[in-house]
>>> print(open('work_14.cif').read())   # mmCIF, C-alpha atoms
data_final
#
loop_
_atom_site.label_atom_id
_atom_site.label_comp_id
_atom_site.auth_asym_id
_atom_site.auth_seq_id
_atom_site.Cartn_x
_atom_site.Cartn_y
_atom_site.Cartn_z
CA MET A 1 -2.79 -6.89 4.31
CA GLU A 2 0.86 -6.62 3.38
CA THR A 3 3.15 -6.37 6.41
CA PRO A 4 6.91 -6.80 6.94
CA ILE A 5 6.31 -10.03 8.88
CA ASN A 6 7.67 -12.88 6.78
CA THR A 7 8.44 -15.50 9.41
CA LEU A 8 6.51 -17.42 12.03
CA MET A 9 8.20 -18.26 15.31
CA VAL A 10 7.49 -21.94 15.99
CA GLU A 11 9.75 -24.08 18.19
CA GLY A 12 10.68 -27.77 17.91
CA SER A 13 11.57 -30.12 15.09
CA ILE A 14 9.28 -30.45 12.10
CA ASP A 15 8.18 -33.93 13.22
CA ASP A 16 7.36 -32.62 16.69
CA GLN A 17 5.35 -29.80 15.17
CA VAL A 18 3.42 -32.16 12.89
CA LEU A 19 2.58 -34.37 15.85
CA GLU A 20 1.59 -31.36 17.97
CA MET A 21 -0.75 -30.18 15.20
CA ALA A 22 -2.27 -33.68 14.92
CA GLN A 23 -2.82 -33.86 18.66
CA TYR A 24 -4.52 -30.47 18.68
CA LEU A 25 -6.79 -31.38 15.77
CA GLU A 26 -7.73 -34.62 17.45
CA THR A 27 -9.07 -32.65 20.40
CA ARG A 28 -11.55 -31.05 17.99
CA LYS A 29 -14.51 -32.91 16.57
CA GLY A 30 -14.06 -35.01 13.45
CA SER A 31 -10.32 -35.67 13.76
CA GLN A 32 -10.21 -38.87 15.79
CA GLY A 33 -7.38 -41.27 14.97
CA LEU A 34 -5.24 -38.60 13.33
CA VAL A 35 -2.38 -38.95 15.81
CA ALA A 36 -2.23 -42.71 15.24
CA GLN A 37 -2.09 -42.15 11.47
CA ILE A 38 0.76 -39.67 11.82
CA LYS A 39 2.71 -41.90 14.20
CA SER A 40 2.36 -44.84 11.84
CA GLN A 41 3.81 -42.65 9.11
CA PHE A 42 6.74 -41.77 11.35
CA GLU A 43 7.43 -45.43 12.10
CA GLY A 44 7.12 -46.61 8.50
CA GLU A 45 10.11 -47.12 6.27
CA ALA A 46 8.68 -44.89 3.54
CA TYR A 47 8.13 -41.83 5.74
CA ASP A 48 6.73 -38.96 3.64
CA LEU A 49 6.34 -35.55 5.28
CA ASP A 50 4.08 -34.27 2.50
CA SER A 51 1.77 -37.24 3.06
CA CYS A 52 1.56 -36.37 6.77
CA LEU A 53 0.83 -32.76 5.97
CA ARG A 54 -1.91 -33.83 3.59
CA GLU A 55 -3.57 -35.73 6.44
CA ILE A 56 -3.19 -32.66 8.67
CA VAL A 57 -4.73 -30.30 6.11
CA ASN A 58 -7.60 -32.69 5.35
CA ALA A 59 -8.48 -32.58 9.04
CA SER A 60 -7.89 -28.83 9.46
CA SER A 61 -11.56 -27.92 9.06
CA ALA A 62 -11.77 -28.87 12.73
CA LEU A 63 -9.97 -25.59 13.52
CA SER A 64 -13.26 -23.78 12.93
CA THR A 65 -14.33 -25.11 16.34
CA ALA A 66 -11.21 -23.82 18.10
CA PRO A 67 -11.73 -21.32 20.94
CA GLU A 68 -11.19 -17.74 19.87
CA ARG A 69 -7.93 -17.34 21.80
CA GLU A 70 -6.50 -20.52 20.22
CA PHE A 71 -7.58 -19.95 16.61
CA ILE A 72 -4.68 -17.75 15.46
CA PRO A 73 -1.89 -19.75 17.22
CA ALA A 74 -3.28 -22.96 15.73
CA TYR A 75 -3.40 -21.52 12.23
CA ASN A 76 0.08 -20.06 12.65
CA LEU A 77 1.40 -23.57 13.31
CA LEU A 78 -0.53 -25.01 10.35
CA ILE A 79 0.75 -22.25 8.03
CA HIS A 80 4.30 -22.79 9.23
CA LEU A 81 4.06 -26.51 8.46
CA VAL A 82 2.64 -26.24 4.94
CA ARG A 83 4.40 -23.16 3.58
CA SER A 84 7.64 -25.02 2.78
CA SER A 85 5.90 -28.15 1.51
CA THR A 86 6.32 -29.05 -2.15
CA GLY A 87 2.62 -29.88 -2.09
CA LEU A 88 1.56 -26.36 -1.01
CA PRO A 89 -0.32 -25.60 -4.29
CA GLU A 90 -2.49 -28.69 -3.66
CA LEU A 91 -2.88 -28.07 0.08
CA LEU A 92 -3.69 -24.36 -0.07
CA PRO A 93 -7.22 -24.58 -1.61
CA THR A 94 -8.46 -26.67 1.34
CA ILE A 95 -7.07 -24.16 3.84
CA LEU A 96 -8.60 -21.23 1.97
CA GLN A 97 -11.96 -22.99 1.81
CA ASN A 98 -11.87 -23.56 5.56
CA LEU A 99 -11.04 -19.91 6.24
CA SER A 100 -13.87 -18.68 3.99
CA ALA A 101 -16.22 -19.50 6.89
CA PRO A 102 -15.26 -17.66 10.10
CA PRO A 103 -14.91 -19.83 13.24
CA SER A 104 -18.27 -20.64 14.78
CA THR A 105 -16.82 -20.16 18.26
CA SER A 106 -16.36 -16.42 17.64
CA PRO A 107 -19.58 -14.91 16.27
CA ILE A 108 -18.35 -11.34 16.73
CA ASN A 109 -14.64 -11.51 15.92
CA GLY A 110 -14.76 -14.55 13.63
CA PRO A 111 -14.47 -12.65 10.29
CA ALA A 112 -11.51 -10.66 11.61
CA LEU A 113 -9.82 -13.89 12.73
CA SER A 114 -10.25 -15.39 9.26
CA VAL A 115 -8.82 -12.28 7.60
CA HIS A 116 -5.92 -12.34 10.08
CA ALA A 117 -5.07 -15.93 9.16
CA LEU A 118 -5.43 -15.21 5.43
CA SER A 119 -3.16 -12.17 5.79
CA THR A 120 -0.54 -14.33 7.48
CA ILE A 121 -0.62 -16.79 4.58
CA PHE A 122 -0.38 -13.89 2.11
CA ASN A 123 2.63 -12.40 3.87
CA VAL A 124 4.68 -15.56 4.32
CA LEU A 125 4.44 -16.32 0.61
CA PRO A 126 7.16 -14.76 -1.59
CA ALA A 127 6.13 -11.43 -3.12
CA ASN A 128 6.17 -12.94 -6.61
CA SER A 129 4.32 -16.13 -5.71
CA PRO A 130 1.27 -16.79 -7.93
CA LEU A 131 -0.31 -18.41 -4.86
CA ARG A 132 -0.87 -14.95 -3.44
CA TYR A 133 -3.64 -14.47 -6.01
CA PRO A 134 -6.05 -17.15 -4.63
CA VAL A 135 -5.23 -16.04 -1.08
CA PHE A 136 -6.20 -12.47 -1.90
CA LYS A 137 -9.36 -13.63 -3.67
CA ALA A 138 -10.33 -15.62 -0.56
CA THR A 139 -9.73 -12.51 1.56
CA LEU A 140 -11.97 -10.49 -0.75
CA ARG A 141 -14.80 -12.97 -0.27
CA VAL A 142 -14.62 -12.72 3.52
CA VAL A 143 -14.35 -8.93 3.36
CA ALA A 144 -17.36 -8.68 1.04
CA GLU A 145 -19.57 -11.08 2.99
CA HIS A 146 -18.91 -9.46 6.35
CA GLY A 147 -18.72 -5.75 5.55
CA MET A 148 -14.99 -5.30 6.23
CA TYR A 149 -14.19 -2.97 3.35
CA ASP A 150 -12.11 -0.73 5.62
CA VAL A 151 -9.58 -3.58 5.83
CA LEU A 152 -9.34 -3.81 2.05
CA ALA A 153 -9.36 -0.14 1.04
CA PRO A 154 -5.75 0.74 2.06
CA GLN A 155 -4.43 -2.14 -0.06
CA LEU A 156 -6.09 -1.16 -3.33
CA LYS A 157 -3.20 1.08 -4.32
CA ASN A 158 -1.00 -2.02 -4.50
CA ILE A 159 -3.19 -4.15 -6.77
CA GLU A 160 -1.62 -3.29 -10.13
CA ARG A 161 1.88 -3.94 -8.76
CA TRP A 162 0.79 -7.20 -7.17
CA VAL A 163 -0.79 -8.73 -10.28
CA GLU A 164 2.34 -7.85 -12.20
CA GLU A 165 4.54 -9.52 -9.57
CA TRP A 166 2.31 -12.60 -9.50
CA GLY A 167 2.36 -12.94 -13.27
CA SER A 168 -1.44 -13.10 -13.33
CA SER A 169 -3.18 -13.81 -16.62
CA ILE A 170 -5.52 -11.29 -18.28
CA ALA A 171 -8.48 -13.46 -17.27
CA GLU A 172 -7.32 -13.51 -13.63
CA ILE A 173 -6.74 -9.76 -13.60
CA ARG A 174 -10.18 -9.06 -15.03
CA ASP A 175 -11.81 -11.34 -12.50
CA LEU A 176 -9.91 -9.71 -9.65
CA TYR A 177 -10.63 -6.14 -10.79
CA LEU A 178 -14.30 -6.91 -11.30
CA THR A 179 -14.53 -8.53 -7.86
CA ILE A 180 -12.92 -5.47 -6.27
CA ALA A 181 -15.35 -3.22 -8.16
CA ASP A 182 -18.28 -5.25 -6.82
CA VAL A 183 -16.94 -5.05 -3.26
CA ALA A 184 -16.35 -1.30 -3.57
CA GLU A 185 -19.86 -0.75 -4.96
CA LYS A 186 -21.38 -2.70 -2.09
CA ALA A 187 -19.35 -0.62 0.38
CA GLY A 188 -20.42 2.66 -1.25
CA ASP A 189 -16.95 3.60 -2.50
CA ALA A 190 -17.98 5.13 -5.83
CA ASP A 191 -14.46 6.24 -6.76
CA GLN A 192 -12.90 2.77 -6.49
CA PHE A 193 -15.99 1.19 -8.07
CA TYR A 194 -15.52 3.38 -11.13
CA SER A 195 -11.72 2.98 -11.12
CA PHE A 196 -11.71 -0.81 -11.14
CA LEU A 197 -14.56 -1.06 -13.64
CA PHE A 198 -12.56 1.19 -15.94
CA ARG A 199 -9.42 -0.93 -15.53
CA THR A 200 -11.43 -4.06 -16.22
CA LEU A 201 -12.92 -2.73 -19.44
CA GLN A 202 -9.59 -1.28 -20.50
CA SER A 203 -8.18 -4.81 -20.73
CA TYR A 204 -10.61 -5.89 -23.46
CA THR A 205 -9.32 -6.03 -27.02
CA PRO A 206 -11.41 -4.57 -29.87
CA GLU A 207 -12.49 -8.09 -30.81
CA GLU A 208 -13.50 -8.95 -27.24
CA SER A 209 -15.33 -5.64 -26.86
CA THR A 210 -18.19 -6.84 -29.05
CA GLY A 211 -19.18 -9.60 -26.61
CA GLU A 212 -21.97 -9.56 -24.04
CA GLU A 213 -19.52 -9.70 -21.13
CA ALA A 214 -17.82 -6.48 -22.24
CA ARG A 215 -21.19 -4.86 -22.96
CA THR A 216 -22.43 -5.55 -19.42
CA ILE A 217 -19.33 -3.99 -17.88
CA ALA A 218 -19.48 -1.06 -20.31
CA VAL A 219 -23.05 -0.21 -19.30
CA ARG A 220 -22.11 -0.33 -15.62
CA LEU A 221 -19.07 1.87 -16.24
CA LEU A 222 -21.07 4.40 -18.25
CA LYS A 223 -23.62 4.79 -15.47
CA ALA A 224 -20.88 4.93 -12.82
CA SER A 225 -19.12 7.74 -14.69
CA ILE A 226 -22.26 9.87 -14.69
CA ASN A 227 -23.12 9.06 -11.08
CA LEU A 228 -19.61 9.85 -9.81
CA PRO A 229 -19.53 13.56 -8.86
CA SER A 230 -15.75 13.81 -9.28
CA CYS A 231 -15.78 12.37 -12.82
CA LEU A 232 -15.80 15.46 -15.04
CA GLU A 233 -13.71 14.24 -17.97
CA PHE A 234 -15.10 11.65 -20.36
CA ASP A 235 -12.55 11.43 -23.17
CA ASP A 236 -10.88 8.32 -21.73
CA ILE A 237 -14.08 6.38 -21.17
CA ILE A 238 -15.74 7.27 -24.47
CA ALA A 239 -12.59 6.14 -26.32
CA LEU A 240 -12.91 2.56 -25.02
CA ASP A 241 -13.93 0.10 -27.72
CA ALA A 242 -16.61 -1.53 -25.58
CA ILE A 243 -18.14 1.87 -24.82
CA GLN A 244 -18.20 2.71 -28.53
CA GLN A 245 -20.07 -0.55 -29.15
CA LEU A 246 -22.92 0.77 -26.98
CA SER A 247 -23.85 3.16 -29.80
CA ASN A 248 -25.28 0.07 -31.51
CA THR A 249 -26.46 -2.06 -28.57
CA ASP A 250 -27.54 0.63 -26.09
CA PRO A 251 -28.07 3.84 -28.11
CA GLU A 252 -29.86 5.73 -25.33
CA ALA A 253 -27.04 5.13 -22.85
CA PHE A 254 -24.41 6.13 -25.41
CA ALA A 255 -26.36 9.26 -26.33
CA LEU A 256 -26.45 10.29 -22.68
CA LEU A 257 -22.70 9.76 -22.36
CA GLU A 258 -22.15 11.97 -25.41
CA VAL A 259 -24.11 14.72 -23.68
CA PHE A 260 -21.73 14.62 -20.72
CA ALA A 261 -18.68 14.29 -22.95
CA GLY A 262 -19.39 17.37 -25.03
CA GLY A 263 -22.96 18.62 -24.60
CA ASP A 264 -24.55 21.15 -22.29
CA LEU A 265 -27.55 21.61 -20.04
CA GLU A 266 -29.95 22.12 -22.95
CA ASP A 267 -28.76 18.85 -24.50
CA TYR A 268 -29.36 17.04 -21.21
CA GLU A 269 -32.86 18.46 -20.88
CA GLU A 270 -33.57 17.55 -24.50
CA PHE A 271 -32.44 13.97 -23.82
CA ASN A 272 -34.81 13.74 -20.86
CA ASP A 273 -37.68 15.11 -22.94
CA GLU A 274 -37.06 12.54 -25.68
CA HIS A 275 -36.46 9.63 -23.30
CA ASP A 276 -38.86 10.41 -20.48
CA GLY A 277 -38.05 8.36 -17.36
CA TRP A 278 -34.97 6.67 -18.84
CA VAL A 279 -32.53 8.31 -16.42
CA ASP A 280 -34.43 7.27 -13.29
CA ASP A 281 -35.27 3.81 -14.64
CA ASN A 282 -31.63 3.05 -15.41
CA GLY A 283 -30.02 3.89 -12.10
CA ILE A 284 -28.78 7.39 -12.93
CA ASP A 285 -28.89 9.81 -10.00
CA HIS A 286 -30.64 12.78 -11.61
CA SER A 287 -29.55 15.24 -8.90
CA ILE A 288 -25.87 14.38 -9.43
CA ALA A 289 -26.25 14.37 -13.21
CA PHE A 290 -28.08 17.71 -13.24
CA ARG A 291 -25.46 19.43 -11.10
CA LYS A 292 -22.62 17.91 -13.13
CA ILE A 293 -23.99 19.00 -16.50
CA ARG A 294 -24.38 22.56 -15.18
CA LEU A 295 -20.72 22.60 -14.11
CA LEU A 296 -19.67 21.20 -17.47
CA THR A 297 -21.82 23.74 -19.30
CA LEU A 298 -20.15 26.57 -17.41
CA ALA A 299 -16.72 25.07 -18.21
CA SER A 300 -17.63 25.04 -21.91
CA LEU A 301 -18.79 28.66 -21.74
CA ALA A 302 -15.48 29.66 -20.18
CA SER A 303 -13.35 27.82 -22.75
CA SER A 304 -15.28 29.30 -25.68
CA ALA A 305 -15.33 32.91 -24.42
CA SER A 306 -13.17 34.81 -26.92
CA SER A 307 -12.80 37.90 -24.74
CA ARG A 308 -11.94 35.88 -21.61
CA GLU A 309 -14.82 37.63 -19.90
CA LEU A 310 -18.14 35.98 -19.21
CA PRO A 311 -21.10 38.17 -18.20
CA TYR A 312 -23.25 37.00 -15.31
CA SER A 313 -26.30 37.32 -17.55
CA VAL A 314 -24.93 34.75 -20.02
CA ILE A 315 -24.11 32.31 -17.24
CA ALA A 316 -27.56 32.67 -15.69
CA ARG A 317 -29.27 32.15 -19.03
CA ARG A 318 -27.25 29.09 -20.07
CA LEU A 319 -27.43 27.41 -16.64
CA HIS A 320 -31.12 28.24 -16.16
CA ILE A 321 -30.48 29.82 -12.78
CA PRO A 322 -31.36 33.15 -11.15
CA SER A 323 -28.63 35.80 -11.36
CA GLU A 324 -28.05 35.73 -7.61
CA GLU A 325 -26.83 32.11 -7.89
CA VAL A 326 -24.22 32.79 -10.57
CA GLU A 327 -21.34 33.44 -8.19
CA LEU A 328 -22.04 30.22 -6.26
CA TRP A 329 -21.86 28.17 -9.46
CA VAL A 330 -18.68 29.91 -10.58
CA ILE A 331 -17.07 29.14 -7.23
CA ASP A 332 -18.13 25.50 -7.59
CA VAL A 333 -16.67 25.17 -11.09
CA ILE A 334 -13.40 26.71 -9.86
CA ARG A 335 -13.29 24.26 -6.95
CA ALA A 336 -13.86 21.41 -9.42
CA GLY A 337 -10.66 22.47 -11.21
CA LEU A 338 -12.38 23.13 -14.53
CA VAL A 339 -11.56 26.84 -14.72
CA GLU A 340 -9.51 29.52 -12.97
CA GLY A 341 -10.48 33.15 -12.72
CA LYS A 342 -12.01 35.82 -10.54
CA LEU A 343 -15.41 37.40 -10.13
CA SER A 344 -16.02 41.08 -10.78
CA GLN A 345 -19.13 42.06 -8.87
CA LEU A 346 -18.75 45.64 -10.04
CA ASN A 347 -18.89 44.69 -13.72
CA GLN A 348 -21.00 41.57 -13.19
CA THR A 349 -18.52 39.47 -15.14
CA PHE A 350 -16.37 36.39 -14.59
CA LEU A 351 -12.77 37.10 -15.63
CA ILE A 352 -11.30 33.85 -16.98
CA HIS A 353 -7.61 33.12 -16.36
CA ARG A 354 -7.60 29.48 -17.46
CA SER A 355 -10.20 27.07 -18.76
CA THR A 356 -10.22 23.36 -19.59
CA TYR A 357 -11.58 21.95 -22.81
CA ARG A 358 -13.95 19.08 -22.09
CA SER A 359 -12.96 17.40 -25.33
CA PHE A 360 -10.37 18.29 -27.92
CA GLY A 361 -11.55 17.81 -31.49
CA LYS A 362 -11.51 19.65 -34.78
CA SER A 363 -13.33 22.75 -33.52
CA GLU A 364 -10.95 23.08 -30.57
CA TRP A 365 -7.92 22.84 -32.86
CA GLU A 366 -9.46 25.49 -35.09
CA GLU A 367 -9.93 27.77 -32.09
CA VAL A 368 -6.31 27.22 -31.05
CA GLY A 369 -5.30 28.12 -34.61
CA VAL A 370 -7.27 31.37 -34.43
CA ARG A 371 -5.69 32.30 -31.09
CA LEU A 372 -2.20 31.54 -32.39
CA ASP A 373 -2.85 33.72 -35.45
CA ASN A 374 -3.99 36.58 -33.18
CA TRP A 375 -0.93 36.12 -31.01
CA LYS A 376 1.39 36.21 -34.04
CA ALA A 377 -0.36 39.32 -35.33
CA SER A 378 0.17 41.05 -31.98
CA LEU A 379 3.86 40.13 -32.00
CA ARG A 380 4.22 41.48 -35.52
CA ASN A 381 2.65 44.78 -34.45
CA ILE A 382 5.06 45.06 -31.52
CA LEU A 383 8.03 44.30 -33.75
CA GLU A 384 6.94 46.94 -36.26
CA VAL A 385 6.66 49.55 -33.50
CA VAL A 386 10.13 48.66 -32.19
CA ARG A 387 11.58 48.65 -35.71
CA GLY A 388 10.07 52.07 -36.43
CA ALA A 389 11.48 53.49 -33.21
CA ARG A 390 14.97 52.19 -33.99
CA GLU A 391 14.83 53.65 -37.48
CA GLN A 392 13.82 57.02 -36.02
CA VAL A 393 16.77 56.95 -33.63
CA VAL A 394 19.19 56.07 -36.43
CA ALA A 395 17.77 58.89 -38.55
CA GLN A 396 18.45 61.36 -35.71
CA GLY A 397 22.09 60.14 -35.61
CA GLY A 398 22.31 59.53 -31.89
CA ASP A 399 22.91 56.54 -29.62
CA SER A 400 19.66 55.86 -27.87
CA VAL A 401 18.02 53.32 -25.69
CA VAL A 402 14.60 52.23 -26.81
CA GLN A 403 12.39 51.09 -24.02
CA THR A 404 9.07 49.48 -24.75
CA ALA A 405 6.47 49.34 -22.00
CA ILE A 406 3.08 47.78 -22.22
CA ASN A 407 0.55 49.44 -19.96
CA GLY A 408 -3.00 48.16 -19.81
CA GLY A 409 -2.73 46.51 -23.20
CA GLY A 410 -1.32 49.65 -24.94
CA ASN A 411 2.19 50.26 -26.30
CA ALA A 412 4.27 53.17 -25.02
CA LEU A 413 7.78 54.14 -26.17
CA GLN A 414 10.41 56.16 -24.36
CA VAL A 415 13.38 57.33 -26.42
CA GLU A 416 16.42 58.69 -24.65
CA GLY A 417 19.11 60.40 -26.78
#
>>> encode(input="work_14.cif", output="structure tokens")
Amino acid sequence: METPINTLMVEGSIDDQVLEMAQYLETRKGSQGLVAQIKSQFEGEAYDLDSCLREIVNASSALSTAPEREFIPAYNLLIHLVRSSTGLPELLPTILQNLSAPPSTSPINGPALSVHALSTIFNVLPANSPLRYPVFKATLRVVAEHGMYDVLAPQLKNIERWVEEWGSSIAEIRDLYLTIADVAEKAGDADQFYSFLFRTLQSYTPEESTGEEARTIAVRLLKASINLPSCLEFDDIIALDAIQQLSNTDPEAFALLEVFAGGDLEDYEEFNDEHDGWVDDNGIDHSIAFRKIRLLTLASLASSASSRELPYSVIARRLHIPSEEVELWVIDVIRAGLVEGKLSQLNQTFLIHRSTYRSFGKSEWEEVGVRLDNWKASLRNILEVVRGAREQVVAQGGDSVVQTAINGGGNALQVEG
């Protein structure tokens, strides 16, 4: 939507342009007598340009009957006339309402023509103009009603910057984000649907999070997080106040989220046994959820493996899969970015180089503490070996170089004297 075009090339004086616009509108149905009204304004002693423009805008619905090739030039002239008017905030809603319905003369290209005109209005307004907000909302409505999501998608990266520039209120931002989420959901863009639902819910204060409005969004976000294949981390969502409120209002939904936040495959199967049919009845894609919880279970196994080696047999047992599928699941969890490592077919083990904790609580801190203690103990052992070697050299009375080499986890010393 945003382009570098900030000017419209229209020739003639402003009075000539107003009259030209009036003459064009009069050729369309429902605008008879407009030229005479404008001329009488010109000839009056109290000539008021804004009053003339108001008459023009009130008659501008007639542009919906303009031939396809004339629609954009006509709207360009209208936009040029009103953009510098002091009455633009009052005139703009009528223009936006007119553009919400594509021109009847262009059944195929009409929606694109409306979006084109709306984009022109958006771009001629200053970047920090609050009027850009209603223009963008009007564009969203046309895009949603006519399946033009591909026009909107490239602009979504700019939304946070735009609302900041426009000085939009929290209520306006929520409404905009929620509208975008609805449009993205309708278009099948699960990533943006989840992203804008999350941003919407993130704006709610703890006090607001107890309301029904926040609850409705929270339930949608919870389901979207489980249904989104790429969503494999749940700490951010489960920390939201409105999500926490679901433990009281929607305990089954919250329990399922807890499974994906820190549980495993057995927990998921137990949930389904206790709440038979709940997943399917509440819009959760079981195939996506089942695959995701297996990946998360494998990630948990990797992060909790003290030896940094995970036998195929353990993976097969915990994921409820045949042994011949283990390597495929390990490859998938590596591709998902949850772990790094390599497969040893000879030893039938997965050698873990790096793993990601799904959540970081007390038990994870305790495990870090244990690993740090082991690391310190190893360093102390190395220092004692080096100290002993130096003392031996000093006892022999010679100048020596002590070289410590670590081969395959063992300590070897070479003493040259």
>>> residues_around(input="work_14.cif", residues="region 34-43 of chain A", least_positions_apart="4", cutoff="9 Å", atoms="only C-alpha atoms", output="JSON list (two decimals) with C-alpha atoms, in the coordinates of the input")
[["chain", "number", "residue", "atom", "x", "y", "z"],
["A", 15, "ASP", "CA", 8.18, -33.93, 13.22],
["A", 18, "VAL", "CA", 3.42, -32.16, 12.89],
["A", 19, "LEU", "CA", 2.58, -34.37, 15.85],
["A", 20, "GLU", "CA", 1.59, -31.36, 17.97],
["A", 21, "MET", "CA", -0.75, -30.18, 15.20],
["A", 22, "ALA", "CA", -2.27, -33.68, 14.92],
["A", 23, "GLN", "CA", -2.82, -33.86, 18.66],
["A", 25, "LEU", "CA", -6.79, -31.38, 15.77],
["A", 26, "GLU", "CA", -7.73, -34.62, 17.45],
["A", 47, "TYR", "CA", 8.13, -41.83, 5.74],
["A", 48, "ASP", "CA", 6.73, -38.96, 3.64],
["A", 49, "LEU", "CA", 6.34, -35.55, 5.28],
["A", 51, "SER", "CA", 1.77, -37.24, 3.06],
["A", 52, "CYS", "CA", 1.56, -36.37, 6.77],
["A", 55, "GLU", "CA", -3.57, -35.73, 6.44],
["A", 56, "ILE", "CA", -3.19, -32.66, 8.67],
["A", 59, "ALA", "CA", -8.48, -32.58, 9.04]]
>>> residues_near_point(input="work_14.cif", point="(-20.2, 26.0, -11.4)", cutoff="8 Å", atoms="all atoms listed in the file", output="VMD selection string")
chain A and resid 294 to 296 298 to 299 326 328 to 334
>>> residues_around(input="work_14.cif", residues="Ser247 (chain A)", least_positions_apart="6", cutoff="12 Å", atoms="only C-alpha atoms", output="NGL selection string")
:A and (210 or 215 or 218-219 or 222 or 238 or 240-241 or 253-258)
>>> atom_distance(input="work_14.cif", atom1="CA of Leu77 (chain A)", atom2="CA of Tyr24 (chain A)")
10.6 Å
>>> closest_residue(input="work_14.cif", among="A:Leu125, A:Ile173, A:Leu113, A:Ala336", to="Ala66 (chain A)", atoms="all atoms listed in the file")
A:Leu113
>>> residues_around(input="work_14.cif", residues="Asn272 (chain A)", least_positions_apart="3", cutoff="12 Å", atoms="only C-alpha atoms", output="PyMOL selection string")
chain A and resi 252-253+255-256+259+265-269+275-281+284+286+289-290
>>> write_last_selection(input="work_14.cif", atoms="C-alpha atoms", output="PDB file, in the coordinates of the input")
ATOM      1  CA  GLU A 252     -29.860   5.730 -25.330  1.00  0.00           C
ATOM      2  CA  ALA A 253     -27.040   5.130 -22.850  1.00  0.00           C
ATOM      3  CA  ALA A 255     -26.360   9.260 -26.330  1.00  0.00           C
ATOM      4  CA  LEU A 256     -26.450  10.290 -22.680  1.00  0.00           C
ATOM      5  CA  VAL A 259     -24.110  14.720 -23.680  1.00  0.00           C
ATOM      6  CA  LEU A 265     -27.550  21.610 -20.040  1.00  0.00           C
ATOM      7  CA  GLU A 266     -29.950  22.120 -22.950  1.00  0.00           C
ATOM      8  CA  ASP A 267     -28.760  18.850 -24.500  1.00  0.00           C
ATOM      9  CA  TYR A 268     -29.360  17.040 -21.210  1.00  0.00           C
ATOM     10  CA  GLU A 269     -32.860  18.460 -20.880  1.00  0.00           C
ATOM     11  CA  HIS A 275     -36.460   9.630 -23.300  1.00  0.00           C
ATOM     12  CA  ASP A 276     -38.860  10.410 -20.480  1.00  0.00           C
ATOM     13  CA  GLY A 277     -38.050   8.360 -17.360  1.00  0.00           C
ATOM     14  CA  TRP A 278     -34.970   6.670 -18.840  1.00  0.00           C
ATOM     15  CA  VAL A 279     -32.530   8.310 -16.420  1.00  0.00           C
ATOM     16  CA  ASP A 280     -34.430   7.270 -13.290  1.00  0.00           C
ATOM     17  CA  ASP A 281     -35.270   3.810 -14.640  1.00  0.00           C
ATOM     18  CA  ILE A 284     -28.780   7.390 -12.930  1.00  0.00           C
ATOM     19  CA  HIS A 286     -30.640  12.780 -11.610  1.00  0.00           C
ATOM     20  CA  ALA A 289     -26.250  14.370 -13.210  1.00  0.00           C
ATOM     21  CA  PHE A 290     -28.080  17.710 -13.240  1.00  0.00           C
TER      22      PHE A 290
END
>>> resolve_selection(input="work_14.cif", expression="the PyMOL selection byres ((chain A and resi 307) around 12)", output="number ranges by chain")
A: 301-306, 308-311, 349-353, 371
>>> closest_residue(input="work_14.cif", among="A:Tyr149, A:Phe234, A:Tyr133, A:Phe122", to="Gln192 (chain A)", atoms="only C-alpha atoms")
A:Tyr149
>>> resolve_selection(input="work_14.cif", expression="the PyMOL selection byres ((chain A and resi 165) around 10)", output="number ranges by chain")
A: 126-130, 132, 159-164, 166-168
>>> atom_distance(input="work_14.cif", atom1="CA of Ser84 (chain A)", atom2="CA of Asp175 (chain A)")
28.3 Å
